[in-house]
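Each remark here refers to the structure printed beneath this line.
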Amino acid sequence: MHKIRVDLERDGYNIFVGYGIISDLAELISPLLKPSRVMVVTNPSIDELHGVTVREALAQLHCDVALETIPDGEQHKNMATVERLLDKMVGARLDRSSLLVSLGGGVVGDIAGFAAAIYMRGIPYVQVPTTLLAQVDSAIGGKVGVDHPLAKNMIGAFYQPLLVCIDPAVLSSLPDKHVRNGMAEVIKYGVIADEGLFGLLERHSNSLERLDAGLLEDVIKRCCQIKARIVQQDVRETTGLRSILNYVHTIGHAIESVTDYKRFSHGEAVAIGIMASSKIARILKLLPEEAEKRQNQLLIAAGLPTTLSGVGSQSIIEAIKLDKKASAGQNKFVLPRSIGRVVVKENIPPETIELALKEILT
Ligand code: GLY
């Protein structure tokens with residue numbers, strides 16, 4: 001088992017990564033907290049797969065363990081779901097020393113974490129992420145919250161968990177599409193911060209959808225180390241460092257938005273965003289052509305799209321203008337300088353963006 005510290009002044013915590021550790025949850029929690037009650041929050045399909053294991057593991061804490069399901073899907077990541085969950089928490093008489101355990105992907109983690117943040121002004125919670133995307137990104141760093149009908153992730157808090165328990169074994173029941181989704185984020189970490197990780201993925205490019213157990217554990221650990229390092233230096237995203245995690249979001253979100261969030265999964269939009277950002281960087285002579293090619297090859301090997309059809313460059317440029325990071329008509333991009341290094345650039349000329357988009361639009 002690996003232990004990665006997220007070193008924050010008062011709110012520091014450990015991320016544990018290891019095969020089978022979902023069964024050791026009580027041992028991980030008990031040195032930190034003797035909860036009065038526990039409530040596991042999950043969705044119906046995760047409950048079916050892992051609900052019993054997690055409840056049995058938590059029974060070792062010798063207190064009441066309740067389990068509540070919330071509906072699956074981003075369309076339920078809203079205040080109505082939070083309110084229903086809060087009703088259940090009040091009904092179960094959770095108090096300040098009760099513990100919420102979030103068992104699921106990013107949607108469950110964001111909702112449960114937010115409910116923990118506002119119930120009685122904050123009770124402890126543990127993240128047990130069950131998708132690759134959540135294991136390498138959303139379960140770490142304390143961004144919790146829900147969508148507003150007019151904007152994603154608009155309502156929320158920074159609220160750090162007591163610990164994060166990452167068991168790569170739970171990924172074996174995920175459909176390939178989900179694994180690909182997470183792999184886009186893993187490749188993203190390689191591009192922004194870890195050439196060694198990128199090289200490792202290249203060496204195993206024939207088996208990215210089903211990495212062997214030891215390798216998968218190592219890959220997840222490396223991503224968590226990067227995320228922990230960034231979060232502990234800029235926990236509330238004030239210095240601009242944490243915003244490099246939003247690398248490719250400027251274009252990725254624009255692609256998701258012009259395709260009505262229906263055509264591409266988040267990971268697929270991230271993949272196309274990685275390519276578009278690389279092309280902008282190459283056109284601006286920030287990134288060597290060779291590095292751009294390596295990204296293209298790795299994304300294709302991971303089964304991810306690197307081109308886009310049926311969409312005009314102008315609609316993407318308009319969507320970029322509406323991005324919440326754009327201010328007073330100035331756009332803001334995080335662009336790669338090499339594999340493992342990025343730079344923030346503002347006010348990229350629309351002609352440059354258009355040239356790059358033309359290369360990916362088919
Ligand atoms: N997922 C981006 C962040 O945690 O800041």
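Chain labels A, B, ... are given in the sequence in which chains occur in the structure tokens; within each chain residues are numbered consecutively from 1, and ligands are likewise numbered from 1 in the order shown.
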Inset, instruction - Within 9 Å of Ile140 in chain A, counting only C-alpha atoms, which residues show up once you throw out same-chain ones fewer than 5 positions away? Write them as number ranges by chain, please. - result: A: 6, 15, 127, 134-135, 160-161, 164, 224, 227-228, 231
What does the file look like for those residues with N, CA, C and O atoms, as an mmCIF file, in the first residue's frame?
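Saved result, part22.cif, follows:
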data_model
loop_
_atom_site.group_PDB
_atom_site.id
_atom_site.type_symbol
_atom_site.label_atom_id
_atom_site.label_comp_id
_atom_site.auth_asym_id
_atom_site.auth_seq_id
_atom_site.Cartn_x
_atom_site.Cartn_y
_atom_site.Cartn_z
ATOM 1 N N VAL A 6 -1.205 14.745 1.630
ATOM 2 C CA VAL A 6 -1.574 16.064 1.112
ATOM 3 C C VAL A 6 -1.317 17.008 2.287
ATOM 4 O O VAL A 6 -2.066 17.016 3.273
ATOM 5 N N ILE A 15 -3.609 10.000 1.324
ATOM 6 C CA ILE A 15 -4.257 9.228 0.255
ATOM 7 C C ILE A 15 -3.608 7.854 0.341
ATOM 8 O O ILE A 15 -2.380 7.742 0.310
ATOM 9 N N GLN A 127 -13.248 9.782 1.188
ATOM 10 C CA GLN A 127 -13.506 9.522 -0.240
ATOM 11 C C GLN A 127 -13.030 8.114 -0.601
ATOM 12 O O GLN A 127 -11.867 7.766 -0.375
ATOM 13 N N ALA A 134 -12.025 9.594 -10.907
ATOM 14 C CA ALA A 134 -12.151 10.068 -9.520
ATOM 15 C C ALA A 134 -10.894 9.713 -8.719
ATOM 16 O O ALA A 134 -10.454 10.488 -7.875
ATOM 17 N N GLN A 135 -10.293 8.548 -9.006
ATOM 18 C CA GLN A 135 -9.116 8.128 -8.235
ATOM 19 C C GLN A 135 -7.909 9.027 -8.494
ATOM 20 O O GLN A 135 -7.092 9.236 -7.616
ATOM 21 N N GLN A 160 -11.792 19.510 2.690
ATOM 22 C CA GLN A 160 -10.906 18.353 2.520
ATOM 23 C C GLN A 160 -11.424 17.124 3.270
ATOM 24 O O GLN A 160 -11.983 17.244 4.359
ATOM 25 N N PRO A 161 -11.224 15.940 2.679
ATOM 26 C CA PRO A 161 -11.647 14.711 3.358
ATOM 27 C C PRO A 161 -10.713 14.335 4.514
ATOM 28 O O PRO A 161 -9.610 14.878 4.632
ATOM 29 N N VAL A 164 -8.367 9.599 1.805
ATOM 30 C CA VAL A 164 -8.851 9.071 0.521
ATOM 31 C C VAL A 164 -8.349 7.628 0.416
ATOM 32 O O VAL A 164 -7.162 7.374 0.634
ATOM 33 N N CYS A 224 -1.617 10.737 -8.177
ATOM 34 C CA CYS A 224 -1.991 11.297 -6.861
ATOM 35 C C CYS A 224 -0.867 12.161 -6.305
ATOM 36 O O CYS A 224 -1.118 13.199 -5.675
ATOM 37 N N LYS A 227 -1.089 15.459 -8.100
ATOM 38 C CA LYS A 227 -2.241 16.247 -7.646
ATOM 39 C C LYS A 227 -2.000 16.775 -6.228
ATOM 40 O O LYS A 227 -2.271 17.946 -5.934
ATOM 41 N N ALA A 228 -1.460 15.923 -5.345
ATOM 42 C CA ALA A 228 -1.212 16.341 -3.956
ATOM 43 C C ALA A 228 -0.229 17.518 -3.935
ATOM 44 O O ALA A 228 -0.425 18.501 -3.206
ATOM 45 N N VAL A 231 -2.070 20.653 -5.164
ATOM 46 C CA VAL A 231 -3.102 21.109 -4.216
ATOM 47 C C VAL A 231 -2.463 21.733 -2.975
ATOM 48 O O VAL A 231 -2.889 22.787 -2.496
#
Inset, instruction - For ligand 1, list the contacting residues at 9 Å or closer, counting only C-alpha atoms and all ligand atoms, as a ChimeraX atom specification. - result: /A:137-143,227,230-231,235-237,242-246
Saved selection, atoms kept: all heavy atoms, as a short mmCIF file (atom, residue, chain, number, x, y, z; two decimals), in the first residue's frame:
data_model
loop_
_atom_site.label_atom_id
_atom_site.label_comp_id
_atom_site.auth_asym_id
_atom_site.auth_seq_id
_atom_site.Cartn_x
_atom_site.Cartn_y
_atom_site.Cartn_z
N ASP A 137 -8.16 12.23 -9.80
CA ASP A 137 -8.43 13.66 -9.81
C ASP A 137 -9.48 14.10 -8.78
O ASP A 137 -9.15 14.64 -7.73
CB ASP A 137 -8.85 14.10 -11.22
CG ASP A 137 -9.07 15.60 -11.34
OD1 ASP A 137 -8.56 16.34 -10.48
OD2 ASP A 137 -9.75 16.04 -12.28
N SER A 138 -10.77 13.80 -9.05
CA SER A 138 -11.81 14.53 -8.31
C SER A 138 -11.88 14.18 -6.82
O SER A 138 -12.35 15.01 -6.03
CB SER A 138 -13.18 14.34 -8.97
OG SER A 138 -13.52 12.99 -9.04
N ALA A 139 -11.41 12.98 -6.41
CA ALA A 139 -11.51 12.64 -4.99
C ALA A 139 -10.43 13.34 -4.16
O ALA A 139 -10.47 13.30 -2.93
CB ALA A 139 -11.40 11.12 -4.81
N ILE A 140 -9.46 13.95 -4.84
CA ILE A 140 -8.34 14.56 -4.14
C ILE A 140 -8.43 16.09 -4.25
O ILE A 140 -8.66 16.61 -5.35
CB ILE A 140 -7.00 14.11 -4.77
CG1 ILE A 140 -6.93 12.60 -4.79
CG2 ILE A 140 -5.81 14.72 -4.04
CD1 ILE A 140 -5.93 12.07 -5.80
N GLY A 141 -8.27 16.77 -3.16
CA GLY A 141 -8.14 18.23 -3.25
C GLY A 141 -9.32 19.00 -2.71
O GLY A 141 -9.29 20.22 -2.65
N GLY A 142 -10.39 18.29 -2.30
CA GLY A 142 -11.46 18.95 -1.56
C GLY A 142 -12.39 19.86 -2.33
O GLY A 142 -13.13 20.63 -1.74
N LYS A 143 -12.38 19.76 -3.68
CA LYS A 143 -13.39 20.54 -4.42
C LYS A 143 -14.68 19.73 -4.39
O LYS A 143 -14.74 18.65 -4.98
CB LYS A 143 -12.97 20.75 -5.87
CG LYS A 143 -12.03 21.92 -6.07
CD LYS A 143 -11.85 22.20 -7.56
CE LYS A 143 -10.87 23.31 -7.79
NZ LYS A 143 -10.57 23.51 -9.22
N LYS A 227 -1.09 15.46 -8.10
CA LYS A 227 -2.24 16.25 -7.65
C LYS A 227 -2.00 16.78 -6.23
O LYS A 227 -2.27 17.95 -5.93
CB LYS A 227 -3.51 15.40 -7.71
CG LYS A 227 -4.74 16.12 -7.18
CD LYS A 227 -5.66 16.64 -8.24
CE LYS A 227 -6.71 17.58 -7.67
NZ LYS A 227 -8.01 17.43 -8.22
N ILE A 230 0.38 19.75 -6.22
CA ILE A 230 -0.23 20.99 -6.73
C ILE A 230 -1.22 21.55 -5.71
O ILE A 230 -1.21 22.74 -5.40
CB ILE A 230 -0.90 20.74 -8.10
CG1 ILE A 230 0.19 20.43 -9.15
CG2 ILE A 230 -1.74 21.93 -8.53
CD1 ILE A 230 -0.33 20.00 -10.51
N VAL A 231 -2.07 20.65 -5.16
CA VAL A 231 -3.10 21.11 -4.22
C VAL A 231 -2.46 21.73 -2.97
O VAL A 231 -2.89 22.79 -2.50
CB VAL A 231 -4.03 19.93 -3.83
CG1 VAL A 231 -4.86 20.26 -2.60
CG2 VAL A 231 -4.94 19.57 -5.00
N VAL A 235 -4.12 25.47 -2.53
CA VAL A 235 -5.32 24.69 -2.21
C VAL A 235 -6.61 25.37 -2.70
O VAL A 235 -7.53 24.71 -3.18
CB VAL A 235 -5.37 24.32 -0.71
CG1 VAL A 235 -5.56 25.55 0.16
CG2 VAL A 235 -6.45 23.30 -0.43
N ARG A 236 -6.68 26.70 -2.61
CA ARG A 236 -7.92 27.39 -3.01
C ARG A 236 -7.83 28.01 -4.40
O ARG A 236 -8.58 28.90 -4.75
CB ARG A 236 -8.32 28.44 -1.97
CG ARG A 236 -8.64 27.79 -0.62
CD ARG A 236 -9.05 28.80 0.40
NE ARG A 236 -10.37 29.32 0.15
CZ ARG A 236 -11.50 28.79 0.64
NH1 ARG A 236 -11.44 27.75 1.43
NH2 ARG A 236 -12.65 29.31 0.35
N GLU A 237 -6.86 27.55 -5.16
CA GLU A 237 -6.70 28.01 -6.54
C GLU A 237 -6.59 29.53 -6.62
O GLU A 237 -7.29 30.19 -7.38
CB GLU A 237 -7.89 27.51 -7.38
CG GLU A 237 -7.52 27.33 -8.84
CD GLU A 237 -8.58 26.56 -9.62
OE1 GLU A 237 -9.05 25.52 -9.14
OE2 GLU A 237 -8.90 27.00 -10.72
N ARG A 242 -2.84 25.79 -9.22
CA ARG A 242 -3.84 24.72 -9.32
C ARG A 242 -4.59 24.79 -10.65
O ARG A 242 -5.07 23.78 -11.15
CB ARG A 242 -4.82 24.79 -8.13
CG ARG A 242 -5.76 23.60 -8.09
CD ARG A 242 -6.48 23.44 -6.77
NE ARG A 242 -7.39 22.30 -6.83
CZ ARG A 242 -8.01 21.77 -5.79
NH1 ARG A 242 -7.84 22.27 -4.59
NH2 ARG A 242 -8.81 20.73 -5.95
N SER A 243 -4.66 26.01 -11.20
CA SER A 243 -5.42 26.13 -12.45
C SER A 243 -4.72 25.41 -13.61
O SER A 243 -5.34 25.16 -14.63
CB SER A 243 -5.71 27.59 -12.78
OG SER A 243 -4.51 28.23 -13.11
N ILE A 244 -3.44 25.01 -13.42
CA ILE A 244 -2.84 24.24 -14.53
C ILE A 244 -3.49 22.87 -14.66
O ILE A 244 -3.41 22.23 -15.69
CB ILE A 244 -1.29 24.12 -14.46
CG1 ILE A 244 -0.83 23.18 -13.35
CG2 ILE A 244 -0.60 25.45 -14.41
CD1 ILE A 244 0.62 22.74 -13.54
N LEU A 245 -4.18 22.44 -13.57
CA LEU A 245 -4.94 21.18 -13.68
C LEU A 245 -6.07 21.34 -14.68
O LEU A 245 -6.63 20.36 -15.16
CB LEU A 245 -5.50 20.77 -12.32
CG LEU A 245 -4.48 20.34 -11.27
CD1 LEU A 245 -5.14 20.26 -9.91
CD2 LEU A 245 -3.87 19.00 -11.63
N ASN A 246 -6.43 22.57 -14.94
CA ASN A 246 -7.49 22.83 -15.91
C ASN A 246 -6.93 22.95 -17.32
O ASN A 246 -7.61 23.41 -18.23
CB ASN A 246 -8.26 24.10 -15.56
CG ASN A 246 -9.07 23.90 -14.31
OD1 ASN A 246 -9.44 22.78 -13.99
ND2 ASN A 246 -9.33 24.97 -13.58
#
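Nearest to Leu174 in chain A of all the residues A:Leu49, A:Met79, A:Ile251, A:Leu25 is A:Leu49, based on only C-alpha atoms.
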Inset, instruction - Fewer than 4 positions away in the same chain doesn't count, so skip those; otherwise give me all residues within 12 Å of Asp72 in chain A, counting only C-alpha atoms, as a list in words. - result: Val41, Thr42, Asn43, Pro44, Ser45, Ile46, Asp47, His76, Lys77, Asn78, Thr81, Gly104, Gly105, Gly106, Val107, Val108, Gly109 and Ile111 of chain A
Take the residues just selected and output them with N, CA and C atoms as a PDB file, in the first residue's frame.
ATOM      1  N   VAL A  41     -22.512   6.908   1.302  1.00  0.00           N
ATOM      2  CA  VAL A  41     -23.324   7.476   0.219  1.00  0.00           C
ATOM      3  C   VAL A  41     -22.792   6.909  -1.090  1.00  0.00           C
ATOM      4  N   THR A  42     -23.691   6.323  -1.874  1.00  0.00           N
ATOM      5  CA  THR A  42     -23.256   5.703  -3.122  1.00  0.00           C
ATOM      6  C   THR A  42     -24.401   5.770  -4.134  1.00  0.00           C
ATOM      7  N   ASN A  43     -24.210   5.129  -5.310  1.00  0.00           N
ATOM      8  CA  ASN A  43     -25.351   5.041  -6.237  1.00  0.00           C
ATOM      9  C   ASN A  43     -25.742   3.578  -6.384  1.00  0.00           C
ATOM     10  N   PRO A  44     -26.912   3.295  -6.966  1.00  0.00           N
ATOM     11  CA  PRO A  44     -27.396   1.903  -6.938  1.00  0.00           C
ATOM     12  C   PRO A  44     -26.431   0.902  -7.591  1.00  0.00           C
ATOM     13  N   SER A  45     -25.782   1.267  -8.708  1.00  0.00           N
ATOM     14  CA  SER A  45     -24.917   0.255  -9.340  1.00  0.00           C
ATOM     15  C   SER A  45     -23.645   0.001  -8.540  1.00  0.00           C
ATOM     16  N   ILE A  46     -23.099   1.023  -7.922  1.00  0.00           N
ATOM     17  CA  ILE A  46     -21.897   0.804  -7.088  1.00  0.00           C
ATOM     18  C   ILE A  46     -22.281   0.035  -5.825  1.00  0.00           C
ATOM     19  N   ASP A  47     -23.482   0.326  -5.314  1.00  0.00           N
ATOM     20  CA  ASP A  47     -23.956  -0.402  -4.132  1.00  0.00           C
ATOM     21  C   ASP A  47     -23.975  -1.905  -4.431  1.00  0.00           C
ATOM     22  N   HIS A  76     -28.090  14.605 -12.031  1.00  0.00           N
ATOM     23  CA  HIS A  76     -28.590  14.623 -10.640  1.00  0.00           C
ATOM     24  C   HIS A  76     -27.654  15.365  -9.695  1.00  0.00           C
ATOM     25  N   LYS A  77     -26.591  15.958 -10.278  1.00  0.00           N
ATOM     26  CA  LYS A  77     -25.634  16.670  -9.410  1.00  0.00           C
ATOM     27  C   LYS A  77     -26.178  18.075  -9.159  1.00  0.00           C
ATOM     28  N   ASN A  78     -27.209  18.138  -8.328  1.00  0.00           N
ATOM     29  CA  ASN A  78     -27.858  19.431  -8.103  1.00  0.00           C
ATOM     30  C   ASN A  78     -28.303  19.569  -6.642  1.00  0.00           C
ATOM     31  N   THR A  81     -30.767  16.940  -5.059  1.00  0.00           N
ATOM     32  CA  THR A  81     -30.184  15.695  -4.541  1.00  0.00           C
ATOM     33  C   THR A  81     -29.510  15.945  -3.192  1.00  0.00           C
ATOM     34  N   GLY A 104     -17.982   6.011  -4.774  1.00  0.00           N
ATOM     35  CA  GLY A 104     -18.462   6.170  -6.155  1.00  0.00           C
ATOM     36  C   GLY A 104     -17.523   7.022  -6.987  1.00  0.00           C
ATOM     37  N   GLY A 105     -18.030   7.459  -8.126  1.00  0.00           N
ATOM     38  CA  GLY A 105     -17.234   8.289  -9.038  1.00  0.00           C
ATOM     39  C   GLY A 105     -17.311   9.756  -8.644  1.00  0.00           C
ATOM     40  N   GLY A 106     -16.987  10.615  -9.605  1.00  0.00           N
ATOM     41  CA  GLY A 106     -16.904  12.048  -9.315  1.00  0.00           C
ATOM     42  C   GLY A 106     -18.218  12.654  -8.865  1.00  0.00           C
ATOM     43  N   VAL A 107     -19.328  12.207  -9.435  1.00  0.00           N
ATOM     44  CA  VAL A 107     -20.620  12.816  -9.080  1.00  0.00           C
ATOM     45  C   VAL A 107     -20.955  12.518  -7.622  1.00  0.00           C
ATOM     46  N   VAL A 108     -20.838  11.243  -7.232  1.00  0.00           N
ATOM     47  CA  VAL A 108     -21.125  10.877  -5.835  1.00  0.00           C
ATOM     48  C   VAL A 108     -20.178  11.623  -4.892  1.00  0.00           C
ATOM     49  N   GLY A 109     -18.895  11.653  -5.251  1.00  0.00           N
ATOM     50  CA  GLY A 109     -17.893  12.300  -4.391  1.00  0.00           C
ATOM     51  C   GLY A 109     -18.169  13.778  -4.198  1.00  0.00           C
ATOM     52  N   ILE A 111     -21.077  15.351  -4.536  1.00  0.00           N
ATOM     53  CA  ILE A 111     -22.328  15.580  -3.790  1.00  0.00           C
ATOM     54  C   ILE A 111     -22.143  15.233  -2.309  1.00  0.00           C
TER      55      ILE A 111
END
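As for CA of Glu351 in chain A and CA of Ala276 in chain A, they are spaced 13.5 Å apart.
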Legend entry - Shell around Lys285 in chain A at 12 Å using only C-alpha atoms, local window under 6 positions removed, as a ChimeraX atom specification: /A:278-279,291-292,335-338,352
Inset, instruction - Per DSSP on the backbone, filter range 234-304 of chain A down to the residues in helix (DSSP H, G or I) and report them as JSON, numbers by chain. - result: {"A": [242, 243, 244, 245, 246, 249, 250, 251, 252, 253, 254, 255, 256, 257, 258, 266, 267, 268, 269, 270, 271, 272, 273, 274, 275, 276, 277, 278, 279, 280, 281, 282, 283, 289, 290, 291, 292, 293, 294, 295, 296, 297, 298, 299, 300, 301]}
Inset, instruction - Show which residues sit within 6 Å of Asp7 in chain A, as a VMD selection string. Count only C-alpha atoms, and ignore same-chain residues fewer than 2 positions away. - result: chain A and resid 5 12 232
Inset, instruction - Name the residues in contact with range 206-222 of chain A at a cut-off of 9 Å, using only C-alpha atoms, excluding same-chain residues fewer than 2 positions from it; report them as an MDAnalysis selection string. - result: chainID A and resid 2:4 16:19 132 135:136 166:169 172 176:177 179:180 183 186 189 194 197 200:204 224:227 301:303
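Among the candidates A:Gly91, A:Gln60, A:Ala319, A:Ala116, the one nearest to Asp260 in chain A when counting only C-alpha atoms is A:Ala319.
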Inset, instruction - Considering only C-alpha atoms, return as a ChimeraX atom specification whatever protein or nucleic-acid residues lie within 9 Å of Ile316 in chain A, sequence-local ones (same chain, fewer than 4 positions apart) excluded. - result: /A:251,254-255,257-258,311-312,320-321,357
Inset, instruction - Would you list, as a PyMOL selection string, the residues of range 110-270 of chain A that end up in strand (DSSP E) under DSSP run on this structure's backbone? - result: chain A and resi 125-129+143-148+151-158+163-166
